[in-house]
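**Q** Here's a structure for you.
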Amino acid sequence: MSIFSRIAAGEIPSYKVAADDRHFAFLDINPMAPGHTLVIPRREVDYLFDLTPQEYADLWAFAREVALKLKKAVPCKRVGVAVLGMEVPHAHIHLVPLQSESDMDFRAPKLSLPAEEMERIASAIASA
Ligand code: 5GP
C-alpha cells in the first residue's frame, strides 16, 4: 500500500482538505507555499496517465473543485497545477497557491509550517 493510500484510508494522519468515495485531497507536508495541496485518486495507480480515461477526467474534475475552494481560502493570484510523481508512486496533482511564478519552484527549499497553521489552512479550504 502506498503512503498516500494509507493517508486516504486514515491510517496515517494528514491535513484533509476534501474527499469523496474515489478521491482524496490533503495538504502537502512540506509545502512550496501555504495551502499547497495534493489531490489523489483512492485507487492506487503510480502513473497519472495509467488511469482509465474516466478516472483521469474525474480526478481533474475533483481537483478543479478543490482548486476553487483553495483560491477562496488562501489569497493568491492563481492556483498553479503540476504533476511530477518523482517521489511518491501514487498518482497525484499538486495545487499550489501562487503570488508569482517563483512560488512554484520544485528545487527551492520547502516550507515547514506549525501544525496549528496547517490545521487552520486545511479547515479554511475544507469549509470554503
Ligand atoms: P512528487 O512525487 O510529486 O515528486 O512529490 C511528492 C510530494 O508529496 C512532495 O511535495 C512531498 O512533500 C509530499 N509528501 C511526501 N510524503 C508525504 C506525506 O507523508 N504526507 C504528505 N502530506 N505529503 C507528503
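Labels for the C-alpha cells follow display order: chains A, B, ..., residues from 1 in each chain, ligands from 1.
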DSSP on the backbone, then: every residue of segment 20-121 of chain A marked strand (DSSP E or B), written as a ChimeraX atom specification.
**A** /A:23-27,37-41,78-82,93-98
**Q** Just want the 10 Å neighbourhood of segment 70-83 of chain A, counted on only C-alpha atoms, with same-chain residues fewer than 4 positions away dropped. Output as a count of residues only.
**A** 34
**Q** Mind listing the residues within 10 Å of ligand 1, only C-alpha atoms and all ligand atoms counted, as an MDAnalysis selection string?
**A** chainID A and resid 2:4 6:7 12:16 25:32 36:38 46 82:94 106 110:112
**Q** Using only C-alpha atoms, please write the residues we just selected to a file, as a JSON list (two decimals), in the first residue's frame.
**A**
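The resulting file, part26.json, is shown below:
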```json
[["chain", "number", "residue", "atom", "x", "y", "z"],
["A", 2, "SER", "CA", 1.45, 3.41, -0.92],
["A", 3, "ILE", "CA", 1.89, 6.08, 1.73],
["A", 4, "PHE", "CA", -0.85, 8.09, 0.01],
["A", 6, "ARG", "CA", -2.58, 4.84, 3.83],
["A", 7, "ILE", "CA", -3.25, 8.57, 4.22],
["A", 12, "ILE", "CA", -1.58, 7.87, 8.56],
["A", 13, "PRO", "CA", -2.70, 11.32, 9.70],
["A", 14, "SER", "CA", -2.98, 14.17, 7.23],
["A", 15, "TYR", "CA", -4.44, 17.63, 6.97],
["A", 16, "LYS", "CA", -7.53, 16.66, 4.99],
["A", 25, "ALA", "CA", -7.14, 15.88, -1.09],
["A", 26, "PHE", "CA", -4.74, 16.86, 1.69],
["A", 27, "LEU", "CA", -2.02, 19.40, 2.43],
["A", 28, "ASP", "CA", 1.49, 18.63, 1.26],
["A", 29, "ILE", "CA", 3.56, 18.06, 4.39],
["A", 30, "ASN", "CA", 6.41, 20.21, 3.00],
["A", 31, "PRO", "CA", 4.58, 22.88, 1.04],
["A", 32, "MET", "CA", 6.05, 25.16, -1.61],
["A", 36, "HIS", "CA", -0.06, 23.52, -1.22],
["A", 37, "THR", "CA", -2.48, 20.63, -1.71],
["A", 38, "LEU", "CA", -2.18, 17.14, -3.19],
["A", 46, "ASP", "CA", 1.53, 5.02, -9.91],
["A", 82, "ALA", "CA", 1.75, 20.37, -11.52],
["A", 83, "VAL", "CA", 2.21, 16.63, -11.84],
["A", 84, "LEU", "CA", 5.61, 15.12, -11.08],
["A", 85, "GLY", "CA", 5.43, 11.87, -9.18],
["A", 86, "MET", "CA", 9.20, 11.63, -8.78],
["A", 87, "GLU", "CA", 8.96, 10.85, -5.07],
["A", 88, "VAL", "CA", 5.69, 9.07, -4.31],
["A", 89, "PRO", "CA", 4.49, 6.31, -6.71],
["A", 90, "HIS", "CA", 0.79, 7.09, -6.35],
["A", 91, "ALA", "CA", -0.65, 9.48, -8.94],
["A", 92, "HIS", "CA", -1.23, 12.97, -7.53],
["A", 93, "ILE", "CA", -1.88, 16.51, -8.68],
["A", 94, "HIS", "CA", -0.12, 19.40, -6.92],
["A", 106, "PHE", "CA", 10.34, 22.43, -7.04],
["A", 110, "LYS", "CA", 10.23, 23.69, 1.10],
["A", 111, "LEU", "CA", 8.30, 25.24, 3.98],
["A", 112, "SER", "CA", 7.63, 23.56, 7.28]]
```
**Q** Expressed in Å to a single decimal, how great is the separation between atom CA of Arg42 of chain A and atom CA of Ala18 of chain A?
**A**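 Between these atoms lies a distance of 12.3 Å.
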**Q** Using Å and a single decimal, report how far atom CA of Val39 of chain A sits from atom CA of Ala57 of chain A.
**A**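 Atom-to-atom, atom CA of Ala57 of chain A and atom CA of Val39 of chain A are spaced 13.1 Å apart.
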**Q** When distances are computed from only C-alpha atoms, which of A:Pro41, A:Gln54, A:Ala33, A:Arg22 shows the smallest separation from Met118 of chain A?
**A**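 Of A:Pro41, A:Gln54, A:Ala33, A:Arg22, the one nearest Met118 of chain A is A:Ala33, counting only C-alpha atoms.
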**Q** Step one, run DSSP on the backbone; step two, keep only residues of chain A assigned to helix (DSSP H, G or I); then write them as number ranges by chain.
**A** A: 3-8, 48-50, 53-73, 101-104, 115-126
